[in-house]
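Colleague: Pasting a structure below so you can have a look.
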Protein chains: 2
Amino acid sequence: MSERARDSEDNDERVTLTHGSGGQATRDLVSGTLAAGFEDAPDSLVGLQDWDDGAVLPFGGERLVVTTDTHVIQPPFFPGGDIGRLAVSGTVNDLAVMGATEVRGLTSAVVVEANYPRRNLERIAESMSETCREASAPVVSGDTKVMGNGELDGVTINTTGVGIAEHVTPDSGLSPDDVVLVTGTIGEHGISLLAEREGIDFEAELASDVQPLNGLLGTALAVGGESITAMKDPTRTGLAGALNEMARKSDVGIEISDERVPVTDDVTGAGELLGLDPYQIANEGVAIMGVEPTAAERVLAALRDHPKGENAAAIGKAIGDYRGRVVLDTGIGNRYMREPSKEVVPRIC
Amino acid sequence: MSERARDSEDNDERVTLTHGSGGQATRDLVSGTLAAGFEDAPDSLVGLQDWDDGAVLPFGGERLVVTTDTHVIQPPFFPGGDIGRLAVSGTVNDLAVMGATEVRGLTSAVVVEANYPRRNLERIAESMSETCREASAPVVSGDTKVMGNGELDGVTINTTGVGIAEHVTPDSGLSPDDVVLVTGTIGEHGISLLAEREGIDFEAELASDVQPLNGLLGTALAVGGESITAMKDPTRTGLAGALNEMARKSDVGIEISDERVPVTDDVTGAGELLGLDPYQIANEGVAIMGVEPTAAERVLAALRDHPKGENAAAIGKAIGDYRGRVVLDTGIGNRYMREPSKEVVPRIC
């Protein structure tokens, strides 16, 4: 067997960083390995096989939403936030984009390396509790484990959340003509984190957008109700990954106008220098929404009236053509907006 | 400052392996640091500050139980089980000992080191799905993250569970005269894991007892109902740690008869060779129950009729004296059964 063939076989048999990207490689690893033998709960409304931001279960006449994420971000303290704020926001937002803007409870499970400074844990815990207050999200149960020095690089935090959804807003909810909104500017989390890692000091003020969105999305749902057909937070795979997932699951095309997507000049500039497309990189403080055309203006106005939604914009719409794909109107022509299947940005969330 | 004083100050400021023991040091780290700023949900029936096996929240006329654990066991494959079986059993059992023997849903969040063999992940996933079937516990949502090679030693799995309790059985439920039962033999998980780590090949058949107990405890609850006043699974801190916690929280003394505690000769022998007390080491497949005296015989008979409870035994009772403490009747006199506050057994669960 040639050296190359052996390497390639070896790669097939080992986990790689790309498997953590959240894109196609992650889906392959999970469906081929991690979730292969699992059966969905017989009564689940949204289950494991739906690959959504959380599960939806009938529960005493209500819809219980459950979601989980382990946060492994490196560095744990970054411009605009830290792993504590991220852990709470990430799980609150996964609940919220399923329609559960009222958080019933969060769990927090911390794994920390022996010899880790207690002062850092204190800062992380303070940040978590502050973010919990911001999101009206109580931590109800927890777990703490210590691994040996050298067995874990720093700290990881799993947050799992349960909430109630009056109206479920799955990835698969889009229909042709639904207007696609984003609640804020795109690319801040990923670009600022990579700039920080590279040690590049831009003159620009780059900071992560990490924040809980349940208040903002609750306001939108109060105004739009069932006219809001789908929601998703564009995290690991960026705006492009999230839109492609929605198009695929909803079996619609999505047409996006490049010039309408809100991106700050700072993010655009830093992205160009770093060679990164802001559409392909993680966000932690914005959501995508699909809204029936008759309600779109009303919902957009409500988002813009909220302090966390002032940069909200209508960026496109679902269409009957190009099913399962996202078409970007660049002003000088159309091209597909592809999801980042190969890109490797480990430990970005 | 002397070398020794500096070392000791440094220890105060850094996390140590003892902080992961699950005993007093863990409580100090969590209450002093990790949970310091958190407030309990205003309507929680059992919350973060209760330090129980899970939280209990009112939910649509029912009682929702939520619990979380990150499993970091080393080695991930061990006699009697693996990290997958442990992850499902650990969380199912934490729900069950709160009274939620019907599991509504589990989440599974896997963090794996780059370069980890996919075959091992497959074995872990197969074991998880088998154990889920054994416990009638569906995995409803998941997460997968990859850390760099050298940033994590192998794999960690967080499992979080939600269930419904008709009757809540908290640590604090014991009253004087309640009979204390255990559902099986003590010490298997910890002793066999340490024997494996030390590479000692006993002639004895040592294997972890790791198993889901919700079927067994559901049977007991069906027979005993509200006569079952408290349940707990004696994991990281062993039988001694769990009984001390129950005594403290229930504000009773607990009197245990040494000769009645079921321990196999193999565990006793291996414990003596390893210098380990079976009462002070982790179990993953037994539970402790407090039962009102009038129902104790009935419940014990039901446990013994179940394939997972044939070694169940009445080992003592709650008393009005020695509040907050556990007294062991050794046959030649009484002594306190202390919880393992100093012992360091990292990554046992």
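Please note that chains go A, B, ... in the order of the structure tokens, that every chain numbers its residues from 1, and that ligands are numbered from 1 in the order shown.
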List every residue of chain B that has an atom at most 6 Å from any atom of chain A, and for each one report the closest atom pair and its distance in Å to one decimal, counting only C-alpha atoms, with rows sorted by chain and then by increasing residue number, as a Markdown table.

Modeller:
```
| residue | atom | partner | partner_atom | distance |
| --- | --- | --- | --- | --- |
| B:Glu13 | CA | A:Arg118 | CA | 5.3 |
| B:Arg14 | CA | A:Pro117 | CA | 4.4 |
| B:Val15 | CA | A:Asn115 | CA | 5.0 |
| B:Thr16 | CA | A:Ala114 | CA | 4.9 |
| B:Leu17 | CA | A:Ala114 | CA | 5.7 |
| B:Gly20 | CA | A:Val146 | CA | 4.7 |
| B:Thr33 | CA | A:Glu122 | CA | 5.2 |
| B:Leu34 | CA | A:Ala125 | CA | 5.2 |
| B:Gly37 | CA | A:Ser129 | CA | 5.7 |
| B:Phe38 | CA | A:Ser129 | CA | 5.5 |
| B:Ala41 | CA | A:Pro138 | CA | 5.3 |
| B:Gly47 | CA | A:Val140 | CA | 5.3 |
| B:Leu48 | CA | A:Val140 | CA | 5.0 |
| B:Gly54 | CA | A:Ser141 | CA | 6.0 |
| B:Ala55 | CA | A:Ser141 | CA | 5.7 |
| B:Gly60 | CA | A:Gly60 | CA | 5.6 |
| B:Asp69 | CA | A:Asp143 | CA | 5.6 |
| B:Ala114 | CA | A:Thr16 | CA | 4.9 |
| B:Asn115 | CA | A:Val15 | CA | 5.0 |
| B:Tyr116 | CA | A:Val15 | CA | 5.3 |
| B:Pro117 | CA | A:Arg14 | CA | 4.4 |
| B:Arg118 | CA | A:Arg14 | CA | 4.9 |
| B:Glu122 | CA | A:Thr33 | CA | 5.2 |
| B:Ala125 | CA | A:Leu34 | CA | 5.2 |
| B:Ser129 | CA | A:Phe38 | CA | 5.5 |
| B:Pro138 | CA | A:Ala41 | CA | 5.3 |
| B:Val140 | CA | A:Leu48 | CA | 5.0 |
| B:Ser141 | CA | A:Leu48 | CA | 5.1 |
| B:Asp143 | CA | A:Asp69 | CA | 5.6 |
| B:Lys145 | CA | A:Gly20 | CA | 4.9 |
| B:Val146 | CA | A:Gly20 | CA | 4.7 |
| B:Glu151 | CA | A:Asp153 | CA | 4.8 |
| B:Leu152 | CA | A:Leu152 | CA | 4.5 |
| B:Asp153 | CA | A:Glu151 | CA | 4.8 |
```

Colleague: For region 246-250 of chain B, find every residue with an atom within 10 Å (counting only C-alpha atoms), except residues of its own chain fewer than 6 positions away, and show them as a list in words.

Modeller: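 My reading of the contact set: Asp50, Trp51, Asp52, Pro170, Asp171, Ser172, Gly173, Leu174, Ser175, Pro176, Ala230, Met231, Lys232, Ile288, Gly290, Ala318, Ile319, Tyr322, Arg323, Gly324, Arg325 and Val326 of chain B.
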
Colleague: Using the selection just defined, write its residues with N, CA, C and O atoms as a compact mmCIF listing (two decimals), in the first residue's frame.

Modeller:
```
# COMPACT_ATOMS: atom_id res chain seq x y z
N ASP B 50 -29.81 23.31 46.64
CA ASP B 50 -30.13 22.10 47.40
C ASP B 50 -29.11 20.99 47.19
O ASP B 50 -29.14 19.99 47.89
N TRP B 51 -28.21 21.15 46.18
CA TRP B 51 -27.15 20.17 45.98
C TRP B 51 -27.68 18.75 45.85
O TRP B 51 -27.04 17.80 46.32
N ASP B 52 -28.81 18.59 45.26
CA ASP B 52 -29.37 17.24 45.12
C ASP B 52 -28.92 16.64 43.79
O ASP B 52 -28.10 17.21 43.08
N PRO B 170 -36.22 13.38 47.53
CA PRO B 170 -34.97 14.13 47.67
C PRO B 170 -34.05 13.55 48.74
O PRO B 170 -34.49 12.74 49.58
N ASP B 171 -32.79 13.99 48.71
CA ASP B 171 -31.84 13.59 49.75
C ASP B 171 -32.36 13.94 51.15
O ASP B 171 -32.02 13.28 52.13
N SER B 172 -33.15 14.99 51.22
CA SER B 172 -33.55 15.55 52.52
C SER B 172 -34.81 14.90 53.07
O SER B 172 -35.38 15.38 54.04
N GLY B 173 -35.25 13.80 52.45
CA GLY B 173 -36.56 13.27 52.80
C GLY B 173 -36.62 12.33 54.01
O GLY B 173 -37.71 11.94 54.45
N LEU B 174 -35.47 11.94 54.56
CA LEU B 174 -35.47 10.95 55.65
C LEU B 174 -36.06 11.50 56.95
O LEU B 174 -35.81 12.65 57.32
N SER B 175 -36.79 10.65 57.68
CA SER B 175 -37.24 10.95 59.05
C SER B 175 -36.75 9.82 59.94
O SER B 175 -36.56 8.69 59.48
N PRO B 176 -36.60 10.10 61.24
CA PRO B 176 -36.19 9.03 62.16
C PRO B 176 -37.11 7.82 62.02
O PRO B 176 -38.31 7.97 61.81
N ALA B 230 -36.85 9.02 50.41
CA ALA B 230 -35.59 9.59 49.92
C ALA B 230 -34.88 8.55 49.07
O ALA B 230 -34.97 7.36 49.34
N MET B 231 -34.19 9.01 48.01
CA MET B 231 -33.34 8.09 47.24
C MET B 231 -32.07 8.85 46.83
O MET B 231 -32.08 10.07 46.64
N LYS B 232 -31.00 8.11 46.66
CA LYS B 232 -29.73 8.72 46.22
C LYS B 232 -28.86 7.63 45.62
O LYS B 232 -28.88 6.49 46.08
N ILE B 288 -29.49 4.05 47.10
CA ILE B 288 -29.88 4.02 48.50
C ILE B 288 -31.32 4.53 48.58
O ILE B 288 -31.67 5.48 47.88
N GLY B 290 -34.62 5.48 51.41
CA GLY B 290 -35.22 5.56 52.74
C GLY B 290 -36.70 5.20 52.61
O GLY B 290 -37.38 5.71 51.72
N ALA B 318 -32.71 5.53 59.86
CA ALA B 318 -32.52 6.90 60.32
C ALA B 318 -32.90 6.97 61.79
O ALA B 318 -33.80 6.27 62.24
N ILE B 319 -32.16 7.81 62.53
CA ILE B 319 -32.40 7.93 63.98
C ILE B 319 -32.45 9.41 64.36
O ILE B 319 -32.03 10.29 63.59
N TYR B 322 -27.46 11.84 66.85
CA TYR B 322 -26.32 11.97 65.91
C TYR B 322 -26.74 12.68 64.61
O TYR B 322 -26.33 12.27 63.52
N ARG B 323 -27.56 13.71 64.76
CA ARG B 323 -28.07 14.38 63.56
C ARG B 323 -26.94 14.85 62.65
O ARG B 323 -25.97 15.43 63.09
N GLY B 324 -27.08 14.57 61.36
CA GLY B 324 -26.08 14.98 60.38
C GLY B 324 -24.91 14.03 60.28
O GLY B 324 -23.96 14.29 59.55
N ARG B 325 -24.97 12.90 61.00
CA ARG B 325 -23.83 11.99 60.99
C ARG B 325 -24.29 10.55 60.72
O ARG B 325 -25.46 10.21 60.86
N VAL B 326 -23.31 9.74 60.35
CA VAL B 326 -23.59 8.33 60.05
C VAL B 326 -22.79 7.48 61.03
O VAL B 326 -21.56 7.64 61.14
```

Colleague: What is the distance between CA of Pro75 (chain B) and CA of Asn93 (chain B), in Å to one decimal?

Modeller: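 Between these atoms lies a distance of 21.3 Å.
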
Colleague: Do you know which residues are at most 8 Å from Gly224 (chain A) counting only C-alpha atoms, after dropping those on the same chain fewer than 2 positions away, and could you put them as a list in words?

Modeller: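 My reading of the contact set: Ala220, Leu221, Ala222, Glu226, Ser227, Ile228, Val291, Ala295, Arg298 and Val299 of chain A.
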
Colleague: Take the residues from that selection and write them out as a PDB file, in the first residue's frame, keeping C-alpha atoms.

Modeller:
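Below is the file again-v2.pdb, written as the result:
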```
ATOM      1  CA  ALA A 220     -40.703  39.489  17.436  1.00  0.00           C
ATOM      2  CA  LEU A 221     -42.885  36.474  18.236  1.00  0.00           C
ATOM      3  CA  ALA A 222     -45.288  38.665  20.211  1.00  0.00           C
ATOM      4  CA  GLU A 226     -47.410  32.205  13.602  1.00  0.00           C
ATOM      5  CA  SER A 227     -46.350  34.412  10.686  1.00  0.00           C
ATOM      6  CA  ILE A 228     -42.806  33.711  11.849  1.00  0.00           C
ATOM      7  CA  VAL A 291     -41.586  35.652   8.036  1.00  0.00           C
ATOM      8  CA  ALA A 295     -46.119  40.340   8.484  1.00  0.00           C
ATOM      9  CA  ARG A 298     -44.305  44.666  11.173  1.00  0.00           C
ATOM     10  CA  VAL A 299     -41.796  42.137  12.534  1.00  0.00           C
TER      11      VAL A 299
END
```

Colleague: For Leu216 (chain B), which residue among B:Gly309, B:Gly99, B:Pro79, B:Gly333 is the nearest when counting only C-alpha atoms?

Modeller: B:Gly309

Colleague: Which residue out of B:Asp178, B:Glu196, B:Glu284, B:Asp28 has the minimum interatomic distance to Arg85 (chain B) when only C-alpha atoms are used?

Modeller: B:Glu284

Colleague: Excluding Asp266 (chain A) and any residue of its chain fewer than 6 positions from it, enumerate the residues within 12 Å of it, using only C-alpha atoms, and give them as an MDAnalysis selection string.

Modeller: chainID A and resid 185:188 191:192 195 202:207 272:273 278

Colleague: Identify, with DSSP run on backbone atoms, the residues in region 30-271 of chain A assigned to alpha helix (DSSP H), and express the list as a PyMOL selection string.

Modeller: chain A and resi 83-97+118-135+188-198+214-224+238-250+265-271
